[in-house]
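*Asks:* Sharing a structure with you now.
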Number of protein chains: 2
Amino acid sequence: MSRVDAFSRGEVPAPAAPGDPIERVDTPALVVDLDAFEANLAAMAAFAARHKVRLTPHFKAHKTPAIARRQQALGAAGFCVQKVSEAAPLVAAGLTPVLVSNEVVGAAKIEMLCELAARAPLSVCVDNAANVAALAAAAAARGVTLEVLVEIDAGNGRCGVAPGQPAADLARLVASQSHLRFGGLQAYHGKAQHVREVLYRKTMIEQAVAAVRATTAALQAAGLACPRVAGGGTGSFFLECASGVYTEIQPGSYALLDRDYSDNEPVADPAVPQFQNALFVLSTVMSAAKPEHAVCDAGLKSMSFESGLPRVRGRPGIQYKGPSDEHGVLALLDGAKVAVGDRLHLIPGHVDPTVNLHDWIVATRGQRVEEVWPVSARGMVF
Amino acid sequence: MSRVDAFSRGEVPAPAAPGDPIERVDTPALVVDLDAFEANLAAMAAFAARHKVRLTPHFKAHKTPAIARRQQALGAAGFCVQKVSEAAPLVAAGLTPVLVSNEVVGAAKIEMLCELAARAPLSVCVDNAANVAALAAAAAARGVTLEVLVEIDAGNGRCGVAPGQPAADLARLVASQSHLRFGGLQAYHGKAQHVREVLYRKTMIEQAVAAVRATTAALQAAGLACPRVAGGGTGSFFLECASGVYTEIQPGSYALLDRDYSDNEPVADPAVPQFQNALFVLSTVMSAAKPEHAVCDAGLKSMSFESGLPRVRGRPGIQYKGPSDEHGVLALLDGAKVAVGDRLHLIPGHVDPTVNLHDWIVATRGQRVEEVWPVSARGMVF
């Protein structure tokens with residue numbers, strides 16, 4: 001079937017096929033450099049293993065079962081998702097156990113959660129007593145037992161109950177329900193991830209660790225065991241690993257790495273892995289009618305911009321100046337030149353919402369397309 | 001099939017069915033208020049008809065054939081797209097003629113363009129001589145004739161040749177090709193659309209009109225007829241309509257209207273239609289563990305934010321403070337209260353990239369789902 005016929009039917013066909021030279025990839029396309037990607041996966045897996053901490057990579061970052069499968073092969077102990085719908089393709093592919101590292105609210109969503117829990121080991125987070133009751137009733141109705149983690153606000157300032165006694169009280173409520181099992185704590189500090197200075201990140205994770213300790217003490221006083229303490233992302237995982245209180249880390253971006261994470265100050269300790277940019281939006285220059293700038297074919301519908309502009313790989317003097325919906329205006333500095341038809345590798349500002357814009361990831365090695373992966377959980381925001 | 005089974009297969013099922021009460025729509029979901037939407041469509045259609053200007057709405061804004069069909073029924077003279085792939089579902093649905101109001105670069109894309117031109121009347125823009133040659137060669141090879149508009153930079157500072165002689169020279173090159181037909185000028189001033197003050201917008205479109213006049217004079221001197229002059233968006237269409245030089249307008253956002261357009265100063269003239277916000281992201285409050293804020297389930301993967309934050313409809317004191325990938329933090333001002341499970345209508349900052357995040361639009365009237373539309377061209381960035 002021609003590409004036109006697929007588009008005509010409302011489908012988005014893959015922009016390339018395995019074996020294609022990279023010049024034949026239709027643009028704008030999401031491209032992964034397999035060498036960099038594989039090095040990232042191996043480095044994180046080795047680090048987590050060395051620290052005897054479970055690695056449960058966050059699926060929300062890449063939404064691609066082919067990537068999760070490689071993470072599992074390297075020893076991932078399971079996966080995190082942020083939405084119930086994202087858990088479905090993982091469960092279907094046997095990429096389990098799955099932790100929904102988020103609150104699940106509403107009868108339909110809780111029903112989906114229980115339906116999946118009947119098929120595979122599934123856990124979910126809570127920060128609210130009424131939600132505990134709703135989960136317990138739905139689990140009982142379906143005859144499943146849900147593992148439930150209490151989310152504490154470890155400094156992130158988003159969801160989560162206060163650490164210490166309030167968290168222990170909620171845990172006791174969970175433990176008292178016949179079809180729920182208290183599994184431990186979710187204690188992710190998202191705000192720490194992109195703090196540039198390692199020193200400040202360290203201070204923030206120390207606060208998260210203190211919040212965890214206050215809560216595990218309250219749990220112990222209440223006679224509740226706390227088997228799991230989960231948290232940690234690509235900017236802070238080495239700190240949670242060293243903390244002695246976290247049992248598992250949940251990084252997602254490390255596999256593909258965006259420009260924003262690359263802008264973080266590197267960790268001085270050579271034992272802490274440095275990750276490489278493995279994700280690019282391949283874009284074509286489609287206008288160069290003016291001497292001072294050119295225009296490429298990737299804008300707001302191909303990349304997210306709330307974490308800043310993309311960087312252009314390997315083309316000094318070419319700066320991505322700003323997007324519109326389908327265009328990117330390129331500044332040409334220091335005499336840099338581009339021609340219509342030139343192809344640029346753009347390093348997007350933020351992995352997660354960028355990947356979510358694409359139906360396919362084109363996995364390349366050198367100048368050749370090696371695999372083409374469906375982004376199966378794209379659009380699964382439910 | 002259950003929703004879980006659809007997600008398991010990598011599909012995104014509709015978040016509601018016709019006839020559902022709005023409380024049953026799964027969130028976050030894109031929701032259209034049909035009363036406001038129909039009023040917007042009718043107002044623009046009547047205005048264009050009154051000014052005897054062709055209305056060719058931009059499909060890139062909504063990517064939804066069901067919406068295009070309603071625009072056609074109200075007299076739209078055709079549609080604009082920004083990408084060749086977007087033209088395919090329109091051609092398949094008989095929603096033609098289609099103008100690709102953009103440059104199409106690269107052999108594969110030009111081949112798609114010619115394949116579609118063999119099925120339906122299709123036009124494309126150019127700003128580059130080498131691109132004219134590539135289009136001519138591909139059209140000849142396939143035995144089709146492409147209508148080609150020369151894009152001029154009417155002040156937008158993105159694509160487009162300089163107005164006047166350079167544009168006329170490119171038009172002459174187009175007209176000299178056996179399988180291309182020079183159709184006129186594309187002269188869209190995107191930067192003018194969101195300038196808040198009507199007076200400044202007016203000044204900017206006066207400059208665009210001057211650029212068009214300089215070019216039509218040069219075309220006349222070259223002996224070239226200029227049947228079409230196309231441009232105009234939701235912020236400026238009334239100015240192009242009044243100009244006497246534009247033959248067609250290309251607004252897209254007016255049908256659904258975003259917060260950013262609502263923030264424009266309204267036009268004093270009561271004959272110029274005011275549009276209403278018809279597009280919402282329906283979101284559920286999923287955490288309220290702290291007194292000072294709450295958290296809803298719609299973030300960067302459900303809305304675009306580069307045009308600013310969404311506004312909350314009809315809930316005074318609740319402000320959307322900031323997104324993360326799957327969350328929105330809500331500030332609670334002046335004693336405003338929300339409960340977990342509350343549902344909010346968020347007015348997104350920018351229509352086009354927000355719609356492109358969703359597979360479905362839930363069309364509601366009052367408290368009931370009337371239709372559910374597939375966003376067929378979502379992800380068609382090629």
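In the structure tokens, chains take the letters A, B, ... in the order shown, each chain's residues start at 1, and ligands count up from 1 in the order shown.
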Which residues are close to range 364-374 of chain A, i.e. within 9 Å by only C-alpha atoms, leaving aside same-chain residues fewer than 2 positions away? Reply as number ranges by chain.
*Replies:* A: 14-23, 25, 31-35, 63-67, 358-362, 376-378; B: 10
*Asks:* Those same residues - C-alpha atoms - I'd like them written as a PDB file, in the first residue's frame.
*Replies:*
```pdb
ATOM      1  CA  ALA A  14       6.103   4.488   9.186  1.00  0.00           C
ATOM      2  CA  PRO A  15       8.434   7.095   7.696  1.00  0.00           C
ATOM      3  CA  ALA A  16      11.030   4.444   6.777  1.00  0.00           C
ATOM      4  CA  ALA A  17      11.612   0.711   6.595  1.00  0.00           C
ATOM      5  CA  PRO A  18      14.433  -1.416   8.037  1.00  0.00           C
ATOM      6  CA  GLY A  19      17.380  -1.388   5.662  1.00  0.00           C
ATOM      7  CA  ASP A  20      16.656   2.067   4.254  1.00  0.00           C
ATOM      8  CA  PRO A  21      19.515   4.532   4.092  1.00  0.00           C
ATOM      9  CA  ILE A  22      18.832   7.400   6.471  1.00  0.00           C
ATOM     10  CA  GLU A  23      18.427   9.780   3.506  1.00  0.00           C
ATOM     11  CA  VAL A  25      13.488   8.620   5.998  1.00  0.00           C
ATOM     12  CA  VAL A  31      15.102   8.985  15.025  1.00  0.00           C
ATOM     13  CA  VAL A  32      17.086   7.031  17.610  1.00  0.00           C
ATOM     14  CA  ASP A  33      20.842   6.534  17.396  1.00  0.00           C
ATOM     15  CA  LEU A  34      21.101   2.881  18.474  1.00  0.00           C
ATOM     16  CA  ASP A  35      24.739   3.062  19.562  1.00  0.00           C
ATOM     17  CA  LYS A  63       5.804   4.651  25.253  1.00  0.00           C
ATOM     18  CA  THR A  64       7.479   2.058  23.059  1.00  0.00           C
ATOM     19  CA  PRO A  65       7.271  -1.665  23.948  1.00  0.00           C
ATOM     20  CA  ALA A  66      10.333  -2.412  21.771  1.00  0.00           C
ATOM     21  CA  ILE A  67      12.374  -0.183  24.080  1.00  0.00           C
ATOM     22  CA  HIS A 358       5.019  10.574  16.958  1.00  0.00           C
ATOM     23  CA  ASP A 359       3.584   7.245  15.840  1.00  0.00           C
ATOM     24  CA  TRP A 360       6.967   5.729  14.967  1.00  0.00           C
ATOM     25  CA  ILE A 361      10.567   5.727  16.103  1.00  0.00           C
ATOM     26  CA  VAL A 362      13.146   5.071  13.399  1.00  0.00           C
ATOM     27  CA  SER A 376       2.268   1.944  20.855  1.00  0.00           C
ATOM     28  CA  ALA A 377       1.208   4.042  23.847  1.00  0.00           C
ATOM     29  CA  ARG A 378       1.264   7.377  21.997  1.00  0.00           C
TER      30      ARG A 378
ATOM     31  CA  GLY B  10      -1.898  -0.096  20.711  1.00  0.00           C
TER      32      GLY B  10
END
```
*Asks:* List every residue of chain B that has an atom at most 6 Å from any atom of chain A, giving for each one its closest atom pair and the distance in Å to one decimal, counting only C-alpha atoms, sorted by chain and then by ascending residue number, as a Markdown table.
*Replies:*
```
| residue | atom | partner | partner_atom | distance |
| --- | --- | --- | --- | --- |
| B:Phe7 | CA | A:Ala88 | CA | 5.6 |
| B:Ser8 | CA | A:Pro89 | CA | 4.2 |
| B:Gly10 | CA | A:Ser376 | CA | 4.6 |
| B:Thr27 | CA | A:Phe382 | CA | 6.0 |
| B:Ala88 | CA | A:Ser8 | CA | 4.5 |
| B:Pro89 | CA | A:Ser8 | CA | 4.2 |
| B:Ala92 | CA | A:Ser8 | CA | 5.6 |
| B:Val105 | CA | A:Met286 | CA | 5.7 |
| B:Cys159 | CA | A:Ser287 | CA | 5.8 |
| B:Val161 | CA | A:Ala289 | CA | 5.6 |
| B:Met286 | CA | A:Val105 | CA | 5.7 |
| B:Ser287 | CA | A:Cys159 | CA | 5.8 |
| B:Ala289 | CA | A:Val161 | CA | 5.6 |
| B:Lys301 | CA | A:Pro353 | CA | 5.7 |
| B:Pro353 | CA | A:Lys301 | CA | 5.7 |
| B:Ser376 | CA | A:Gly10 | CA | 4.6 |
| B:Phe382 | CA | A:Thr27 | CA | 6.0 |
```
*Asks:* With N, CA, C and O atoms kept, could you save the residues just selected as a CSV table (one decimal), in the first residue's frame?
*Replies:*
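This is the output file part-v2.csv:
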```csv
chain,number,residue,atom,x,y,z
B,7,PHE,N,-6.6,-0.5,24.1
B,7,PHE,CA,-5.3,0.0,24.5
B,7,PHE,C,-4.2,-1.1,24.4
B,7,PHE,O,-3.1,-0.8,24.0
B,8,SER,N,-4.6,-2.3,24.7
B,8,SER,CA,-3.7,-3.4,24.7
B,8,SER,C,-3.1,-3.7,23.3
B,8,SER,O,-2.0,-4.1,23.1
B,10,GLY,N,-2.6,-1.3,21.2
B,10,GLY,CA,-1.9,-0.1,20.7
B,10,GLY,C,-2.8,0.9,20.0
B,10,GLY,O,-2.4,1.7,19.3
B,27,THR,N,-11.4,11.1,30.8
B,27,THR,CA,-10.5,12.3,30.7
B,27,THR,C,-9.0,11.9,30.8
B,27,THR,O,-8.7,10.8,31.3
B,88,ALA,N,-4.3,14.0,2.0
B,88,ALA,CA,-4.8,12.7,1.7
B,88,ALA,C,-6.2,12.4,2.2
B,88,ALA,O,-7.1,12.0,1.5
B,89,PRO,N,-6.5,12.6,3.6
B,89,PRO,CA,-7.8,12.3,4.0
B,89,PRO,C,-8.9,13.3,3.5
B,89,PRO,O,-10.0,12.9,3.3
B,92,ALA,N,-9.6,11.9,0.0
B,92,ALA,CA,-10.4,10.7,0.1
B,92,ALA,C,-11.8,11.0,0.4
B,92,ALA,O,-12.7,10.2,0.0
B,105,VAL,N,9.0,19.8,-0.2
B,105,VAL,CA,10.4,19.6,-0.6
B,105,VAL,C,10.8,18.1,-0.4
B,105,VAL,O,10.4,17.5,0.6
B,159,CYS,N,8.8,31.6,5.5
B,159,CYS,CA,9.1,31.3,4.1
B,159,CYS,C,8.6,32.4,3.2
B,159,CYS,O,8.1,33.4,3.6
B,161,VAL,N,9.4,34.3,-1.0
B,161,VAL,CA,10.3,35.2,-1.7
B,161,VAL,C,9.9,36.6,-1.4
B,161,VAL,O,8.8,36.9,-1.0
B,286,MET,N,-7.5,15.0,40.2
B,286,MET,CA,-7.1,13.6,40.7
B,286,MET,C,-6.3,13.7,42.0
B,286,MET,O,-5.9,12.6,42.6
B,287,SER,N,-6.0,14.9,42.5
B,287,SER,CA,-5.4,15.0,43.8
B,287,SER,C,-5.7,16.3,44.5
B,287,SER,O,-5.7,17.3,43.8
B,289,ALA,N,-4.6,16.8,48.0
B,289,ALA,CA,-4.0,16.4,49.3
B,289,ALA,C,-3.5,17.6,50.0
B,289,ALA,O,-3.2,17.5,51.2
B,301,LYS,N,0.9,16.5,27.7
B,301,LYS,CA,0.5,15.5,26.6
B,301,LYS,C,-0.9,15.7,26.2
B,301,LYS,O,-1.4,14.9,25.4
B,353,PRO,N,-1.8,22.8,17.8
B,353,PRO,CA,-1.0,21.7,18.4
B,353,PRO,C,-1.7,21.0,19.5
B,353,PRO,O,-1.4,19.8,19.9
B,376,SER,N,-8.7,12.6,12.1
B,376,SER,CA,-8.1,11.7,11.1
B,376,SER,C,-6.6,12.1,10.7
B,376,SER,O,-5.8,11.2,10.4
B,382,PHE,N,3.9,14.9,7.8
B,382,PHE,CA,4.8,14.6,6.6
B,382,PHE,C,4.4,15.4,5.4
B,382,PHE,O,3.2,15.6,5.2
```
*Asks:* Can you tell me, as a PyMOL selection string, which residues in range 21-134 of chain B count as strand (DSSP E or B) by DSSP?
*Replies:* chain B and resi 21+29-33+54-55+58+79-81+98-103+122-126
*Asks:* Export, as a PDB file, in the first residue's frame, the selected residues with N, CA, C and O atoms.
*Replies:*
```pdb
ATOM      1  N   PRO B  21     -23.951  10.810  28.665  1.00  0.00           N
ATOM      2  CA  PRO B  21     -23.894  12.074  29.410  1.00  0.00           C
ATOM      3  C   PRO B  21     -22.426  12.500  29.515  1.00  0.00           C
ATOM      4  O   PRO B  21     -21.526  11.642  29.495  1.00  0.00           O
ATOM      5  N   ALA B  29      -9.947  14.594  27.777  1.00  0.00           N
ATOM      6  CA  ALA B  29     -10.529  14.436  26.443  1.00  0.00           C
ATOM      7  C   ALA B  29     -10.749  15.804  25.814  1.00  0.00           C
ATOM      8  O   ALA B  29     -10.987  16.790  26.515  1.00  0.00           O
ATOM      9  N   LEU B  30     -10.664  15.832  24.498  1.00  0.00           N
ATOM     10  CA  LEU B  30     -10.925  17.046  23.740  1.00  0.00           C
ATOM     11  C   LEU B  30     -12.425  17.118  23.492  1.00  0.00           C
ATOM     12  O   LEU B  30     -13.003  16.199  22.901  1.00  0.00           O
ATOM     13  N   VAL B  31     -13.028  18.207  23.935  1.00  0.00           N
ATOM     14  CA  VAL B  31     -14.473  18.352  23.873  1.00  0.00           C
ATOM     15  C   VAL B  31     -14.824  19.615  23.091  1.00  0.00           C
ATOM     16  O   VAL B  31     -14.194  20.654  23.287  1.00  0.00           O
ATOM     17  N   VAL B  32     -15.800  19.511  22.192  1.00  0.00           N
ATOM     18  CA  VAL B  32     -16.295  20.681  21.466  1.00  0.00           C
ATOM     19  C   VAL B  32     -17.714  20.990  21.922  1.00  0.00           C
ATOM     20  O   VAL B  32     -18.546  20.085  22.054  1.00  0.00           O
ATOM     21  N   ASP B  33     -17.980  22.254  22.184  1.00  0.00           N
ATOM     22  CA  ASP B  33     -19.332  22.738  22.467  1.00  0.00           C
ATOM     23  C   ASP B  33     -19.979  23.061  21.121  1.00  0.00           C
ATOM     24  O   ASP B  33     -19.627  24.042  20.459  1.00  0.00           O
ATOM     25  N   ARG B  54     -13.526  34.078  -1.279  1.00  0.00           N
ATOM     26  CA  ARG B  54     -13.604  32.630  -1.095  1.00  0.00           C
ATOM     27  C   ARG B  54     -13.077  32.266   0.290  1.00  0.00           C
ATOM     28  O   ARG B  54     -12.029  32.758   0.707  1.00  0.00           O
ATOM     29  N   LEU B  55     -13.809  31.404   0.974  1.00  0.00           N
ATOM     30  CA  LEU B  55     -13.365  30.912   2.285  1.00  0.00           C
ATOM     31  C   LEU B  55     -12.783  29.514   2.087  1.00  0.00           C
ATOM     32  O   LEU B  55     -13.496  28.594   1.677  1.00  0.00           O
ATOM     33  N   HIS B  58      -8.482  26.530   6.988  1.00  0.00           N
ATOM     34  CA  HIS B  58      -7.259  25.745   7.137  1.00  0.00           C
ATOM     35  C   HIS B  58      -7.542  24.486   7.945  1.00  0.00           C
ATOM     36  O   HIS B  58      -7.957  24.548   9.098  1.00  0.00           O
ATOM     37  N   PHE B  79     -10.131  23.768   0.839  1.00  0.00           N
ATOM     38  CA  PHE B  79      -9.419  23.714   2.114  1.00  0.00           C
ATOM     39  C   PHE B  79      -7.933  23.942   1.914  1.00  0.00           C
ATOM     40  O   PHE B  79      -7.387  23.627   0.850  1.00  0.00           O
ATOM     41  N   CYS B  80      -7.316  24.479   2.934  1.00  0.00           N
ATOM     42  CA  CYS B  80      -5.863  24.563   2.972  1.00  0.00           C
ATOM     43  C   CYS B  80      -5.320  23.478   3.886  1.00  0.00           C
ATOM     44  O   CYS B  80      -5.968  23.110   4.869  1.00  0.00           O
ATOM     45  N   VAL B  81      -4.149  22.983   3.541  1.00  0.00           N
ATOM     46  CA  VAL B  81      -3.380  22.139   4.451  1.00  0.00           C
ATOM     47  C   VAL B  81      -1.956  22.672   4.466  1.00  0.00           C
ATOM     48  O   VAL B  81      -1.563  23.438   3.580  1.00  0.00           O
ATOM     49  N   VAL B  98      -7.886  21.320  -2.706  1.00  0.00           N
ATOM     50  CA  VAL B  98      -6.982  21.481  -1.569  1.00  0.00           C
ATOM     51  C   VAL B  98      -5.764  22.296  -2.003  1.00  0.00           C
ATOM     52  O   VAL B  98      -5.166  22.015  -3.049  1.00  0.00           O
ATOM     53  N   LEU B  99      -5.440  23.303  -1.204  1.00  0.00           N
ATOM     54  CA  LEU B  99      -4.206  24.069  -1.405  1.00  0.00           C
ATOM     55  C   LEU B  99      -3.222  23.699  -0.301  1.00  0.00           C
ATOM     56  O   LEU B  99      -3.533  23.873   0.886  1.00  0.00           O
ATOM     57  N   VAL B 100      -2.059  23.169  -0.681  1.00  0.00           N
ATOM     58  CA  VAL B 100      -0.969  23.018   0.286  1.00  0.00           C
ATOM     59  C   VAL B 100      -0.333  24.401   0.393  1.00  0.00           C
ATOM     60  O   VAL B 100       0.405  24.813  -0.499  1.00  0.00           O
ATOM     61  N   SER B 101      -0.653  25.115   1.470  1.00  0.00           N
ATOM     62  CA  SER B 101      -0.237  26.525   1.592  1.00  0.00           C
ATOM     63  C   SER B 101       1.181  26.619   2.120  1.00  0.00           C
ATOM     64  O   SER B 101       1.471  27.382   3.037  1.00  0.00           O
ATOM     65  N   ASN B 102       2.064  25.839   1.521  1.00  0.00           N
ATOM     66  CA  ASN B 102       3.395  25.636   2.070  1.00  0.00           C
ATOM     67  C   ASN B 102       4.265  25.046   0.964  1.00  0.00           C
ATOM     68  O   ASN B 102       3.747  24.510  -0.018  1.00  0.00           O
ATOM     69  N   GLU B 103       5.581  25.114   1.158  1.00  0.00           N
ATOM     70  CA  GLU B 103       6.502  24.498   0.219  1.00  0.00           C
ATOM     71  C   GLU B 103       6.564  22.986   0.476  1.00  0.00           C
ATOM     72  O   GLU B 103       6.515  22.552   1.635  1.00  0.00           O
ATOM     73  N   LEU B 122      -5.479  20.049  -6.847  1.00  0.00           N
ATOM     74  CA  LEU B 122      -4.525  20.277  -5.770  1.00  0.00           C
ATOM     75  C   LEU B 122      -3.591  21.407  -6.174  1.00  0.00           C
ATOM     76  O   LEU B 122      -3.155  21.478  -7.324  1.00  0.00           O
ATOM     77  N   SER B 123      -3.261  22.270  -5.244  1.00  0.00           N
ATOM     78  CA  SER B 123      -2.326  23.364  -5.495  1.00  0.00           C
ATOM     79  C   SER B 123      -1.240  23.334  -4.437  1.00  0.00           C
ATOM     80  O   SER B 123      -1.433  22.778  -3.360  1.00  0.00           O
ATOM     81  N   VAL B 124      -0.120  23.973  -4.770  1.00  0.00           N
ATOM     82  CA  VAL B 124       1.016  23.974  -3.855  1.00  0.00           C
ATOM     83  C   VAL B 124       1.734  25.315  -3.980  1.00  0.00           C
ATOM     84  O   VAL B 124       1.571  26.013  -4.985  1.00  0.00           O
ATOM     85  N   CYS B 125       2.511  25.656  -2.952  1.00  0.00           N
ATOM     86  CA  CYS B 125       3.261  26.918  -2.965  1.00  0.00           C
ATOM     87  C   CYS B 125       4.745  26.668  -3.221  1.00  0.00           C
ATOM     88  O   CYS B 125       5.263  25.597  -2.915  1.00  0.00           O
ATOM     89  N   VAL B 126       5.402  27.697  -3.746  1.00  0.00           N
ATOM     90  CA  VAL B 126       6.856  27.634  -3.956  1.00  0.00           C
ATOM     91  C   VAL B 126       7.484  28.960  -3.546  1.00  0.00           C
ATOM     92  O   VAL B 126       6.835  30.008  -3.585  1.00  0.00           O
TER      93      VAL B 126
END
```
*Asks:* DSSP says helix (DSSP H, G or I) for which residues of range 134-346 of chain B? Put them as a PyMOL selection string?
*Replies:* chain B and resi 134-142+165-175+190-192+198-221+237-243+253-255+259-262
*Asks:* With a distance cut-off of 10 Å and only C-alpha atoms, select the neighbouring residues of Leu170 in chain B, excluding the residue or stretch itself and same-chain residues fewer than 3 positions from it, and output the selection as a PyMOL selection string.
*Replies:* chain B and resi 126-129+132+149-151+161+165-167+173-176+182
*Asks:* For the atom pair CA of Gly231 in chain B and CA of Gly244 in chain B, what is the interatomic distance in Å to one decimal place?
*Replies:*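 Between CA of Gly231 in chain B and CA of Gly244 in chain B the gap works out to 12.6 Å.
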*Asks:* Kindly indicate which residue among A:Met303, A:Ala140, A:Ala76, A:Val212 lies nearest to Ala230 in chain A, using only C-alpha atoms for the distances.
*Replies:*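 Residue with the minimum atom-to-atom distance to Ala230 in chain A: A:Val212.
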*Asks:* Just the residues within 8 Å of Tyr246 in chain A, please, counting only C-alpha atoms, with nothing from its chain fewer than 5 positions along; format it as a PyMOL selection string.
*Replies:* chain A and resi 53+228-231+240-241
*Asks:* Might you pull out every residue within 8 Å of Leu74 in chain B, with only C-alpha atoms counted and same-chain residues fewer than 6 positions away left off, and present them as a PyMOL selection string?
*Replies:* chain B and resi 41-42+45
*Asks:* Go ahead and compute the interatomic distance for CA of Glu147 in chain B and CA of Ala120 in chain B, in Å to one decimal.
*Replies:*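 We find that CA of Glu147 in chain B and CA of Ala120 in chain B lie 11.6 Å from each other.
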*Asks:* What lies within 12 Å of Gly235 in chain B using only C-alpha atoms, ignoring chain neighbours under 3 positions off, as JSON, numbers by chain?
*Replies:* {"B": [188, 189, 190, 191, 192, 193, 194, 195, 196, 197, 198, 199, 200, 201, 202, 204, 205, 231, 232, 238, 239, 240, 249, 250, 251, 252, 253, 254, 257, 258, 260, 261, 262, 263, 264, 265, 266, 267, 272, 273, 274, 275]}
